[in-house]
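Notes to accompany the following structure.
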Amino acid sequence: MKVQCKNCLPKEGIEISYFSQKEKQIISTLTVQSAIQAVKYLVDNYSISHADAKYIVTHINKTYGHCNRCVFDKLDKEYITCPKCGALNFNWEVEK
Ligand SMILES: [Zn+2]
Ligand SMILES: [Zn+2]
């Protein structure tokens with residue numbers, strides 16, 4: 001699946017693989033604790049480049065429904081571009 005963010009490079013976006021609910025939970029928890037650890041986890045466990053791993057971690061939102069970049073809090077899809085600021089959000093519904 002391809003994801004794209006108008007604010008970030010590369011402009012054409014990146015290709016991401018499917019993450020199971022369990023994987024989303026792990027990655028999301030790591031992201032909240034330490035973005036560096038989350039990037040390392042992605043690089044170590046999936047064949048993802050460091051740049052792509054960073055791109056993914058940057059866009060995982062900390063709270064479900066809340067945009068990473070602005071105050072908008074009604075995101076209702078998983079991989080969604082915020083209608084207010086245009087930022088890409090990995091709006092994963094996981095327990096935090
Ligand atoms: Zn972005
Ligand atoms: Zn936003």
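Residue names in the structure tokens use chain letters A, B, ... in the order shown, residue numbers from 1 in each chain, and ligand numbers from 1 in the order shown.
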message: If the limit is 6 Å from any atom of ligand 2, counting only C-alpha atoms and all ligand atoms, which residues qualify? Return them as a list in words.
response: Cys67, Arg69, Cys70, Phe72, Cys82, Lys84, Cys85, Gly86 and Ala87 of chain A
Selection to disk with N, CA and C atoms, as a short mmCIF file (atom, residue, chain, number, x, y, z; two decimals), in the first residue's frame:
data_model
loop_
_atom_site.label_atom_id
_atom_site.label_comp_id
_atom_site.auth_asym_id
_atom_site.auth_seq_id
_atom_site.Cartn_x
_atom_site.Cartn_y
_atom_site.Cartn_z
N CYS A 67 -5.12 14.37 15.04
CA CYS A 67 -4.05 14.64 14.08
C CYS A 67 -2.73 14.88 14.82
N ARG A 69 -0.42 16.78 13.80
CA ARG A 69 0.17 18.08 13.46
C ARG A 69 -0.70 19.27 13.87
N CYS A 70 -1.99 19.03 14.04
CA CYS A 70 -2.86 20.14 14.41
C CYS A 70 -3.88 19.66 15.44
N PHE A 72 -7.07 18.99 15.02
CA PHE A 72 -8.19 18.21 14.51
C PHE A 72 -8.26 16.86 15.22
N CYS A 82 -5.24 14.49 7.06
CA CYS A 82 -6.04 15.39 7.89
C CYS A 82 -6.74 16.43 7.02
N LYS A 84 -7.92 19.19 7.87
CA LYS A 84 -7.63 20.55 8.33
C LYS A 84 -6.24 21.02 7.90
N CYS A 85 -5.22 20.20 8.16
CA CYS A 85 -3.85 20.65 7.87
C CYS A 85 -3.18 19.88 6.74
N GLY A 86 -3.79 18.80 6.29
CA GLY A 86 -3.24 18.06 5.16
C GLY A 86 -2.14 17.08 5.49
N ALA A 87 -1.86 16.88 6.77
CA ALA A 87 -0.81 15.95 7.17
C ALA A 87 -1.32 14.51 7.12
#
- prompt: Which neighbours of Lys77 in chain A fall inside 12 Å, counting only C-alpha atoms, when residues of the same chain fewer than 5 positions from it are skipped, and could you give them as a ChimeraX atom specification?
  reply: /A:64-67,82-83,88-93
Against ligand 1, which residues of chain A fall within 10 Å? For each one I want the closest pair of atoms and the distance in Å (one decimal), counting only C-alpha atoms and all ligand atoms, rows by chain and increasing residue number, as a tab-separated table.
residue	atom	partner	partner_atom_place_in_ligand_line	distance
A:Val3	CA	ligand 1	1 (Zn)	9.9
A:Gln4	CA	ligand 1	1 (Zn)	7.7
A:Cys5	CA	ligand 1	1 (Zn)	4.6
A:Lys6	CA	ligand 1	1 (Zn)	6.4
A:Asn7	CA	ligand 1	1 (Zn)	4.7
A:Cys8	CA	ligand 1	1 (Zn)	4.4
A:Leu9	CA	ligand 1	1 (Zn)	7.7
A:Pro10	CA	ligand 1	1 (Zn)	9.6
A:Lys11	CA	ligand 1	1 (Zn)	9.6
A:Gly13	CA	ligand 1	1 (Zn)	9.3
A:Tyr55	CA	ligand 1	1 (Zn)	7.5
A:Ile56	CA	ligand 1	1 (Zn)	9.0
A:Thr58	CA	ligand 1	1 (Zn)	7.1
A:His59	CA	ligand 1	1 (Zn)	6.2
A:Ile60	CA	ligand 1	1 (Zn)	9.9
A:Asn68	CA	ligand 1	1 (Zn)	9.1
A:Arg69	CA	ligand 1	1 (Zn)	8.7
A:Thr81	CA	ligand 1	1 (Zn)	9.2
A:Gly86	CA	ligand 1	1 (Zn)	8.6
A:Ala87	CA	ligand 1	1 (Zn)	5.3
A:Leu88	CA	ligand 1	1 (Zn)	5.3
A:Asn89	CA	ligand 1	1 (Zn)	7.7
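Of the residues in chain A, those that DSSP places in strand (DSSP E or B) on the basis of the backbone are Lys2, Val3, Ile14, Glu15, Ile60, Tyr79, Ile80, Thr81, Leu88, Asn89 and Phe90 of chain A.
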- prompt: Which residues come within 8 Å of Leu42 in chain A, counting only C-alpha atoms, excluding same-chain residues fewer than 5 positions away, as a VMD selection string?
  reply: chain A and resid 27 47 to 48 53
- prompt: DSSP on the backbone: what in range 16-53 of chain A comes out helix (DSSP H, G or I), as an MDAnalysis selection string?
  reply: chainID A and resid 21:33 35:45 50:53
Who sits within 6 Å of range 14-21 of chain A, only C-alpha atoms, same chain under 3 positions skipped, as a PyMOL selection string: chain A and resi 1-3+24
Output N, CA and C atoms for every residue in that selection, as an mmCIF file, in the first residue's frame.
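The resulting file, part12.cif, is reproduced below:
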data_model
loop_
_atom_site.group_PDB
_atom_site.id
_atom_site.type_symbol
_atom_site.label_atom_id
_atom_site.label_comp_id
_atom_site.auth_asym_id
_atom_site.auth_seq_id
_atom_site.Cartn_x
_atom_site.Cartn_y
_atom_site.Cartn_z
ATOM 1 N N MET A 1 0.845 -1.184 0.000
ATOM 2 C CA MET A 1 0.000 0.000 0.000
ATOM 3 C C MET A 1 0.887 1.244 0.000
ATOM 4 N N LYS A 2 0.441 2.241 -0.747
ATOM 5 C CA LYS A 2 1.226 3.454 -0.814
ATOM 6 C C LYS A 2 0.622 4.539 0.077
ATOM 7 N N VAL A 3 1.474 5.210 0.819
ATOM 8 C CA VAL A 3 1.005 6.333 1.627
ATOM 9 C C VAL A 3 1.781 7.581 1.217
ATOM 10 N N LYS A 24 0.649 -3.445 15.062
ATOM 11 C CA LYS A 24 0.306 -2.024 15.241
ATOM 12 C C LYS A 24 0.407 -1.646 16.706
#
message: Taking 2 positions as the minimum chain separation for residues in the same chain, which residues sit within 7 Å of Val39 in chain A when counting only C-alpha atoms? Answer as a PyMOL selection string.
response: chain A and resi 35-37+41-43+53-54+57
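Rounded to one decimal, CA of Gln25 in chain A and CA of Asp52 in chain A lie 18.8 Å from each other.
Between CA of Glu78 in chain A and CA of Glu95 in chain A the interatomic distance comes to 14.5 Å.
Coordinates place CA of Ile80 in chain A at a distance of 20.9 Å from CA of Leu30 in chain A.
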